[in-house]
Structure formats: C-alpha cells, structure tokens
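What follows is coords.tsv (TSV, C-alpha atoms).
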```tsv
chain	number	residue	atom	x	y	z
L	8	MET	CA	13.62	10.53	1.05
L	9	ARG	CA	13.35	8.28	4.09
L	10	LEU	CA	10.27	6.53	2.73
L	11	PHE	CA	12.02	5.81	-0.57
L	12	LEU	CA	15.10	4.51	1.27
L	13	ALA	CA	12.83	2.21	3.29
L	14	LEU	CA	11.27	0.98	0.06
L	15	ALA	CA	14.71	0.13	-1.33
L	16	LEU	CA	16.03	-1.64	1.78
L	17	GLY	CA	12.82	-3.58	2.37
L	18	GLY	CA	12.72	-4.52	-1.30
L	19	ILE	CA	16.26	-5.94	-1.18
L	20	VAL	CA	15.36	-8.34	1.62
L	21	GLY	CA	11.96	-9.09	0.10
L	22	TYR	CA	13.50	-9.95	-3.26
L	23	GLU	CA	15.62	-12.67	-1.67
L	24	ARG	CA	12.57	-14.14	0.09
L	25	GLU	CA	10.60	-13.96	-3.18
L	26	LYS	CA	13.31	-15.94	-5.00
L	27	GLN	CA	13.02	-18.64	-2.34
L	28	GLN	CA	9.22	-18.72	-2.89
L	29	ARG	CA	8.43	-17.95	0.73
L	30	PRO	CA	4.92	-16.99	1.94
L	31	ALA	CA	6.01	-13.38	2.58
L	32	GLY	CA	7.92	-12.02	-0.39
L	33	PHE	CA	8.85	-8.78	-2.11
L	34	ARG	CA	5.71	-6.70	-1.59
L	35	THR	CA	5.18	-7.79	2.01
L	36	HIS	CA	8.69	-6.78	3.08
L	37	VAL	CA	8.42	-3.46	1.22
L	38	LEU	CA	5.10	-2.64	2.88
L	39	VAL	CA	6.37	-3.55	6.36
L	40	CYS	CA	9.53	-1.46	5.96
L	41	VAL	CA	7.77	1.59	4.49
L	42	GLY	CA	4.96	1.34	7.03
L	43	SER	CA	7.41	1.19	9.94
L	44	THR	CA	9.24	4.22	8.60
L	45	LEU	CA	6.03	6.19	8.22
L	46	ILE	CA	4.93	5.33	11.76
L	47	MET	CA	8.29	6.48	13.13
L	48	LEU	CA	8.06	9.73	11.15
L	49	VAL	CA	4.57	10.41	12.47
L	50	SER	CA	5.65	9.53	16.00
L	51	ALA	CA	8.79	11.67	15.91
L	52	TYR	CA	7.59	14.69	13.92
L	53	GLY	CA	3.88	14.54	13.17
L	54	LEU	CA	2.65	14.86	16.75
L	55	ALA	CA	4.87	17.88	17.43
L	56	GLY	CA	3.38	19.68	14.45
L	57	ALA	CA	-0.18	18.74	15.38
L	58	SER	CA	0.19	20.03	18.93
L	59	GLY	CA	1.87	23.25	17.88
L	60	GLY	CA	4.96	22.41	19.89
L	61	THR	CA	3.26	23.06	23.25
L	62	ALA	CA	2.53	19.49	24.39
L	63	VAL	CA	5.01	17.07	25.92
L	64	TYR	CA	5.02	13.69	24.16
L	65	ASP	CA	7.12	10.54	23.89
L	66	PRO	CA	8.27	10.02	20.25
L	67	ALA	CA	8.86	6.29	20.86
L	68	ARG	CA	5.36	5.56	22.18
L	69	ILE	CA	3.63	4.96	18.84
L	70	ALA	CA	6.67	3.44	17.14
L	71	ALA	CA	6.98	0.85	19.92
L	72	GLN	CA	3.66	-0.66	18.85
L	73	VAL	CA	5.24	-1.70	15.53
L	74	VAL	CA	7.12	-4.51	17.29
L	75	THR	CA	3.87	-6.00	18.58
L	76	GLY	CA	1.99	-5.55	15.31
L	77	VAL	CA	4.71	-7.12	13.18
L	78	GLY	CA	4.82	-10.08	15.57
L	79	PHE	CA	1.24	-10.98	14.60
L	80	LEU	CA	2.07	-10.55	10.91
L	81	GLY	CA	5.13	-12.79	11.15
L	82	ALA	CA	3.09	-15.47	12.90
L	83	GLY	CA	1.05	-15.85	9.73
L	84	THR	CA	4.13	-17.08	7.82
L	85	ILE	CA	4.86	-19.91	10.27
L	86	LEU	CA	3.43	-23.26	9.20
L	87	ARG	CA	3.45	-26.64	10.87
L	88	HIS	CA	3.75	-29.98	9.09
L	89	GLY	CA	3.49	-32.77	11.65
L	90	ASN	CA	6.34	-32.22	14.10
L	91	THR	CA	8.15	-29.80	11.79
L	92	ILE	CA	7.74	-26.03	11.89
L	93	ILE	CA	8.70	-23.97	8.84
L	94	GLY	CA	8.61	-20.25	8.08
L	95	LEU	CA	10.55	-19.05	11.13
L	96	THR	CA	13.26	-17.46	8.99
L	97	THR	CA	10.71	-15.51	6.96
L	98	ALA	CA	8.95	-14.39	10.14
L	99	ALA	CA	12.31	-13.20	11.50
L	100	SER	CA	13.06	-11.34	8.24
L	101	ILE	CA	9.73	-9.48	8.50
L	102	TRP	CA	10.52	-8.57	12.10
L	103	ILE	CA	13.98	-7.21	11.32
L	104	VAL	CA	12.71	-5.34	8.24
L	105	SER	CA	10.33	-3.48	10.55
L	106	GLY	CA	13.34	-2.55	12.68
L	107	ILE	CA	15.16	-1.34	9.59
L	108	GLY	CA	12.15	0.82	8.74
L	109	LEU	CA	12.11	2.34	12.23
L	110	ALA	CA	15.84	3.10	11.97
L	111	VAL	CA	15.33	4.84	8.62
L	112	GLY	CA	12.39	6.80	9.99
L	113	ILE	CA	14.42	8.24	12.86
L	114	GLY	CA	17.38	9.01	10.57
L	115	PHE	CA	19.73	6.22	11.65
L	116	TYR	CA	20.71	5.46	8.04
L	117	GLY	CA	24.04	3.77	8.78
L	118	GLY	CA	22.46	1.28	11.15
L	119	ALA	CA	19.63	0.53	8.70
L	120	ILE	CA	21.99	-0.12	5.78
L	121	MET	CA	24.37	-2.21	7.90
L	122	ALA	CA	21.47	-4.28	9.24
L	123	THR	CA	20.22	-4.89	5.69
L	124	LEU	CA	23.66	-6.16	4.64
L	125	MET	CA	23.78	-8.45	7.68
L	126	VAL	CA	20.35	-9.84	6.83
L	127	LEU	CA	21.52	-10.64	3.28
L	128	VAL	CA	24.63	-12.35	4.66
L	129	SER	CA	22.44	-14.45	6.95
L	130	LEU	CA	19.91	-15.38	4.25
L	131	ILE	CA	22.32	-16.01	1.36
L	132	LEU	CA	25.88	-16.70	2.47
L	133	LEU	CA	25.07	-18.62	5.65
L	134	ARG	CA	22.68	-20.93	3.78
L	135	GLY	CA	25.67	-22.94	2.57
L	136	LEU	CA	27.02	-23.16	6.11
L	137	GLU	CA	23.63	-24.43	7.26
L	138	GLY	CA	23.83	-27.06	4.53
L	139	SER	CA	27.17	-28.28	5.91
L	140	PHE	CA	25.55	-28.68	9.34
L	141	THR	CA	22.80	-30.68	7.68
L	142	ARG	CA	25.30	-33.07	6.08
L	143	MET	CA	27.08	-33.51	9.43
L	144	LYS	CA	23.80	-34.73	10.91
L	145	ASN	CA	23.41	-37.32	8.13
L	146	LEU	CA	20.51	-35.38	6.64
L	147	ARG	CA	19.70	-35.22	2.93
L	148	ARG	CA	17.39	-32.96	0.94
L	149	LEU	CA	15.01	-34.60	-1.51
L	150	TRP	CA	12.82	-32.65	-3.90
L	151	VAL	CA	9.81	-34.17	-5.62
L	152	ARG	CA	7.79	-32.57	-8.41
L	153	GLY	CA	4.38	-34.03	-9.08
L	154	ILE	CA	0.71	-33.56	-9.87
L	155	ASP	CA	-1.16	-31.79	-7.09
L	156	HIS	CA	-3.68	-34.22	-5.62
L	157	PRO	CA	-4.58	-35.14	-2.01
L	158	GLY	CA	-2.83	-38.52	-2.05
L	159	LEU	CA	0.59	-37.45	-3.35
L	160	LEU	CA	2.13	-36.62	0.02
L	161	GLY	CA	0.58	-39.74	1.53
L	162	TYR	CA	2.11	-42.05	-1.09
L	163	ILE	CA	5.57	-40.55	-0.57
L	164	SER	CA	5.24	-40.66	3.22
L	165	ALA	CA	4.33	-44.34	3.02
L	166	VAL	CA	7.63	-45.00	1.22
L	167	PHE	CA	9.53	-43.18	3.96
L	168	GLY	CA	7.79	-45.24	6.62
L	169	GLU	CA	8.49	-48.49	4.78
L	170	MET	CA	12.20	-47.67	4.47
L	171	CYS	CA	12.54	-46.26	8.04
L	172	VAL	CA	13.33	-42.74	6.82
L	173	GLN	CA	12.73	-39.92	9.29
L	174	VAL	CA	11.27	-36.68	7.93
L	175	SER	CA	12.76	-33.61	9.62
L	176	LYS	CA	11.15	-30.94	7.46
L	177	VAL	CA	8.61	-30.58	4.65
L	178	ASP	CA	8.23	-27.53	2.39
L	179	ILE	CA	5.44	-27.46	-0.24
L	180	SER	CA	5.37	-24.89	-3.03
L	181	GLU	CA	2.29	-23.14	-4.40
L	182	PRO	CA	0.50	-25.13	-7.17
L	183	GLU	CA	1.40	-24.01	-10.70
L	184	TYR	CA	-0.78	-24.91	-13.67
L	185	MET	CA	1.14	-26.55	-16.54
L	186	GLU	CA	-0.51	-26.72	-19.93
L	187	VAL	CA	1.42	-29.83	-20.97
L	188	PHE	CA	-0.17	-31.88	-18.16
L	189	LYS	CA	-3.46	-29.96	-18.01
L	190	LYS	CA	-3.05	-30.06	-14.22
L	191	GLU	CA	-1.55	-28.11	-11.35
L	192	ILE	CA	2.02	-29.11	-10.40
L	193	ILE	CA	3.67	-28.71	-7.00
L	194	THR	CA	7.21	-29.18	-5.71
L	195	ILE	CA	7.77	-30.77	-2.31
L	196	ASP	CA	11.11	-30.40	-0.54
L	197	PHE	CA	11.91	-32.96	2.16
L	198	LEU	CA	14.71	-32.85	4.72
L	199	LEU	CA	15.34	-36.52	5.55
L	200	ARG	CA	17.43	-38.48	8.00
L	201	LEU	CA	18.44	-41.69	6.23
L	202	PRO	CA	19.31	-44.97	7.96
L	203	GLN	CA	23.00	-45.80	7.60
L	204	ARG	CA	22.40	-48.97	5.59
L	205	LEU	CA	19.89	-47.43	3.20
L	206	LYS	CA	21.13	-46.61	-0.31
L	207	SER	CA	19.93	-43.18	-1.39
L	208	ASP	CA	19.43	-44.35	-4.99
L	209	ASP	CA	17.02	-47.06	-3.85
L	210	LEU	CA	14.91	-44.55	-1.97
L	211	LEU	CA	14.96	-42.14	-4.91
L	212	LYS	CA	13.78	-44.80	-7.37
L	213	LYS	CA	10.95	-45.92	-5.12
L	214	VAL	CA	9.73	-42.36	-4.57
L	215	ALA	CA	9.83	-41.68	-8.33
L	216	MET	CA	7.60	-44.72	-8.94
L	217	GLN	CA	4.73	-43.37	-6.83
L	218	GLN	CA	1.49	-42.28	-8.47
L	219	GLY	CA	1.54	-38.61	-9.47
L	220	VAL	CA	5.31	-38.13	-9.16
L	221	LEU	CA	6.86	-36.59	-12.31
L	222	GLU	CA	10.49	-36.25	-11.24
L	223	ALA	CA	12.62	-36.37	-8.11
L	224	GLY	CA	16.22	-35.76	-7.11
L	225	TRP	CA	18.70	-35.17	-4.31
L	226	GLU	CA	20.10	-31.73	-3.61
L	227	VAL	CA	23.69	-30.98	-2.63
L	228	GLY	CA	23.96	-27.25	-1.85
L	229	GLU	CA	22.44	-25.50	-4.86
L	230	VAL	CA	23.10	-28.40	-7.29
L	231	ALA	CA	20.67	-31.24	-7.88
L	232	GLU	CA	22.06	-34.73	-8.36
L	233	ASN	CA	20.66	-38.15	-9.30
L	234	VAL	CA	17.51	-36.76	-10.88
L	235	ILE	CA	14.88	-39.25	-11.99
L	236	ASP	CA	12.48	-37.82	-14.59
L	237	ARG	CA	9.31	-39.66	-15.49
```

Final structure tokens representation of the file:
Amino acid sequence: MRLFLALALGGIVGYEREKQQRPAGFRTHVLVCVGSTLIMLVSAYGLAGASGGTAVYDPARIAAQVVTGVGFLGAGTILRHGNTIIGLTTAASIWIVSGIGLAVGIGFYGGAIMATLMVLVSLILLRGLEGSFTRMKNLRRLWVRGIDHPGLLGYISAVFGEMCVQVSKVDISEPEYMEVFKKEIITIDFLLRLPQRLKSDDLLKKVAMQQGVLEAGWEVGEVAENVIDR
C-alpha cells in the first residue's frame, strides 16, 4: 500500500514537471519516490526480519543515504547557459519527492500528502507570482520557434547584442521532427532585460527575420502576445 501511495504522490509532482517539458519528468519522479519508500521500508522493517529480532540496528542509517544519492541525481538536471543556470527547480522537486517517499515508507502519510500539496502550490500557483516579480524587474519573456541548426542561437544572440538586450535566462526544448518542414524544430525561451528606450515590437520583428526562425512572440503569464509567424 505504501509503495502504491508513493507512486501516486511522485506521479502527481512528476506530471507537472512533464507538462513543463523539464529534463526530469513523470517517470523520474515516480521512480525516486517509490525507490525512497522501498529503502525506508527495508531500513525500518527488513533488517529486523533478517536478523531475527536479536540484533540492534538504526532504522534511519540506510534511509539517510537517500539524501546523498538523490543529490547526485538532481545535479544532472541542472544546466548552465553562459552566466545563467537552469534546472534548479526540477532538482529541488526531485529532492523533495525523495523526502515524500521516505515519509510514506515510515508511515507518515499526513506529512507526505501535505508536502505534495505544498509542492504543487509552489510549482503551479506561485509561478504567476514569480512572473509579477519578473515584470517588476523590467524583464520580458520571449519565445522563438525555429529549425534546429547550430547557428540559430548565435543569430538571435547577435540581435540581442546589437540592441543592447541582456539575456538573464535561456531554456531550450528537445528537438521535435516536423514532417511539414522535413526538419527538427526547437523552441527557445529567453528571459530578457530590455533597455528602457527599446520598443519590444522592434526587437520581436528583428528576431523573427533571422535565418531559421519560424515564429516568435512575447509571453505575459500563460498568454502569448504579439506573435510573428513566418
């Protein structure tokens, strides 16, 4: 029962990360949560059965190693693009999912369920609040969809340099083959700090004119505006 509960709670968090197309998605979070639960079960009950109840053991000794092991796994989701680091939120979600699994394994169901709800609040509801902070800092989100080739990011970056636009964050999706173009297509999300005198429409038009760019647009919350489709 505890293993199935871990599967459900880990899957809830993993589904949200999968929708956001993060490096660690549904299956990864499920495996981490179920694995943590199993390790806690073995640590708390398996050793007592194996020793016949005669040995003295610490039930937290094996389970404590989960924290270290998950730390290495989470590090694999953290990527660096220039001076920007992305993937920290996904790494944190993997870490807390392991904690949820440990809580389920020891029978602390209320804490595990409450923690899962708090994680969803942080990942979903607080995303809009984070967007308001972004707007307060004069930051804008620009998404660009184009043909996957080595020079695409370079062409767009050259436009930013020419127009004195600072890039705070870059997020690149996995290539997806599209039959209509006979090529692989990627989506690049930029978090930009625009100069006060720069018109956002001018930047958008110039980016859309670059070789390989199919469409581009600004994002406000979850709604895209001023989309230019080539």

Quick one: residues within 8 Å of stretch 200-205 of chain L, only C-alpha atoms counted, chain neighbours fewer than 4 positions away excluded, as a JSON list (two decimals) with C-alpha atoms, keeping the file's coordinate frame?
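File produced: around18.json:
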```json
[["chain", "number", "residue", "atom", "x", "y", "z"],
["L", 144, "LYS", "CA", 23.80, -34.73, 10.91],
["L", 145, "ASN", "CA", 23.41, -37.32, 8.13],
["L", 146, "LEU", "CA", 20.51, -35.38, 6.64],
["L", 147, "ARG", "CA", 19.70, -35.22, 2.93],
["L", 170, "MET", "CA", 12.20, -47.67, 4.47],
["L", 171, "CYS", "CA", 12.54, -46.26, 8.04],
["L", 172, "VAL", "CA", 13.33, -42.74, 6.82],
["L", 173, "GLN", "CA", 12.73, -39.92, 9.29],
["L", 174, "VAL", "CA", 11.27, -36.68, 7.93],
["L", 175, "SER", "CA", 12.76, -33.61, 9.62],
["L", 209, "ASP", "CA", 17.02, -47.06, -3.85],
["L", 210, "LEU", "CA", 14.91, -44.55, -1.97]]
```

Close residues, L:Gly106 itself excluded, 12 Å, only C-alpha atoms, min 3 positions apart in chain, as a JSON list (two decimals) with C-alpha atoms, in the frame of the given file:
```
[["chain", "number", "residue", "atom", "x", "y", "z"],
["L", 13, "ALA", "CA", 12.83, 2.21, 3.29],
["L", 16, "LEU", "CA", 16.03, -1.64, 1.78],
["L", 17, "GLY", "CA", 12.82, -3.58, 2.37],
["L", 36, "HIS", "CA", 8.69, -6.78, 3.08],
["L", 39, "VAL", "CA", 6.37, -3.55, 6.36],
["L", 40, "CYS", "CA", 9.53, -1.46, 5.96],
["L", 41, "VAL", "CA", 7.77, 1.59, 4.49],
["L", 42, "GLY", "CA", 4.96, 1.34, 7.03],
["L", 43, "SER", "CA", 7.41, 1.19, 9.94],
["L", 44, "THR", "CA", 9.24, 4.22, 8.60],
["L", 46, "ILE", "CA", 4.93, 5.33, 11.76],
["L", 47, "MET", "CA", 8.29, 6.48, 13.13],
["L", 70, "ALA", "CA", 6.67, 3.44, 17.14],
["L", 71, "ALA", "CA", 6.98, 0.85, 19.92],
["L", 72, "GLN", "CA", 3.66, -0.66, 18.85],
["L", 73, "VAL", "CA", 5.24, -1.70, 15.53],
["L", 74, "VAL", "CA", 7.12, -4.51, 17.29],
["L", 75, "THR", "CA", 3.87, -6.00, 18.58],
["L", 77, "VAL", "CA", 4.71, -7.12, 13.18],
["L", 78, "GLY", "CA", 4.82, -10.08, 15.57],
["L", 99, "ALA", "CA", 12.31, -13.20, 11.50],
["L", 100, "SER", "CA", 13.06, -11.34, 8.24],
["L", 101, "ILE", "CA", 9.73, -9.48, 8.50],
["L", 102, "TRP", "CA", 10.52, -8.57, 12.10],
["L", 103, "ILE", "CA", 13.98, -7.21, 11.32],
["L", 109, "LEU", "CA", 12.11, 2.34, 12.23],
["L", 110, "ALA", "CA", 15.84, 3.10, 11.97],
["L", 111, "VAL", "CA", 15.33, 4.84, 8.62],
["L", 112, "GLY", "CA", 12.39, 6.80, 9.99],
["L", 113, "ILE", "CA", 14.42, 8.24, 12.86],
["L", 115, "PHE", "CA", 19.73, 6.22, 11.65],
["L", 116, "TYR", "CA", 20.71, 5.46, 8.04],
["L", 118, "GLY", "CA", 22.46, 1.28, 11.15],
["L", 119, "ALA", "CA", 19.63, 0.53, 8.70],
["L", 120, "ILE", "CA", 21.99, -0.12, 5.78],
["L", 122, "ALA", "CA", 21.47, -4.28, 9.24],
["L", 123, "THR", "CA", 20.22, -4.89, 5.69],
["L", 126, "VAL", "CA", 20.35, -9.84, 6.83]]
```

Next on the checklist: Would you compute the distance between atom CA of L:Glu191 and atom CA of L:Asp155? Give it in Å to one decimal.
Outcome noted: 5.6 Å

Sort by chain and increasing residue number a table of all residues of stretch 135-193 of chain L within 12 Å of stretch 24-28 of chain L, each with its closest pair of atoms and their distance in Å to one decimal, counting all atoms listed in the file, and write it as CSV.
```
residue,atom,partner,partner_atom,distance
L:Asp178,CA,L:Gln28,CA,10.3
L:Ile179,CA,L:Gln28,CA,9.9
L:Ser180,CA,L:Gln28,CA,7.3
L:Glu181,CA,L:Gln28,CA,8.4
L:Pro182,CA,L:Gln28,CA,11.6
```

Item to check | Between atom CA of L:Val49 and atom CA of L:Arg68 - distance in Å to one decimal | outcome: 10.9 Å

Checklist entry - Looking at all atoms listed in the file, which of L:Leu38, L:Val166, L:Met185, L:Val128 is the one that sits closest to L:Ser105? => result L:Leu38

With 8 Å added on each side, what axis-aligned box encloses every listed atom of stretch 216-228 of chain L? Give the centre and edge lengths in Å to one decimal, as JSON.
```
{"center_x": 12.7, "center_y": -36.0, "center_z": -7.1, "size_x": 38.5, "size_y": 33.5, "size_z": 26.5}
```

Item to check | Atomic separation - atom CA of L:Leu130 relative to atom CA of L:Met8, Å | outcome: 26.9 Å

Next on the checklist: When you count all atoms listed in the file, which of these residues is closest to L:Tyr162: L:Lys213, L:Lys176, L:Arg148, L:Arg134?
Outcome noted: L:Lys213

Next on the checklist: Nearest residue to L:Ile193 out of L:Ala31, L:Val220, L:Val214, L:Ala165, using only C-alpha atoms?
Outcome noted: L:Val220

Checklist entry - For L:Val104, which of L:Val37, L:Ala51, L:Met216, L:Leu10 is the closest residue, counting all atoms listed in the file? => result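 Closest candidate: L:Val37.
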
Item to check | Option closest in space to L:Thr96, from L:Val151, L:Met121, L:Val20, L:Leu136 [counting all atoms listed in the file] | outcome: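 Residue with the minimum atom-to-atom distance to L:Thr96: L:Val20.
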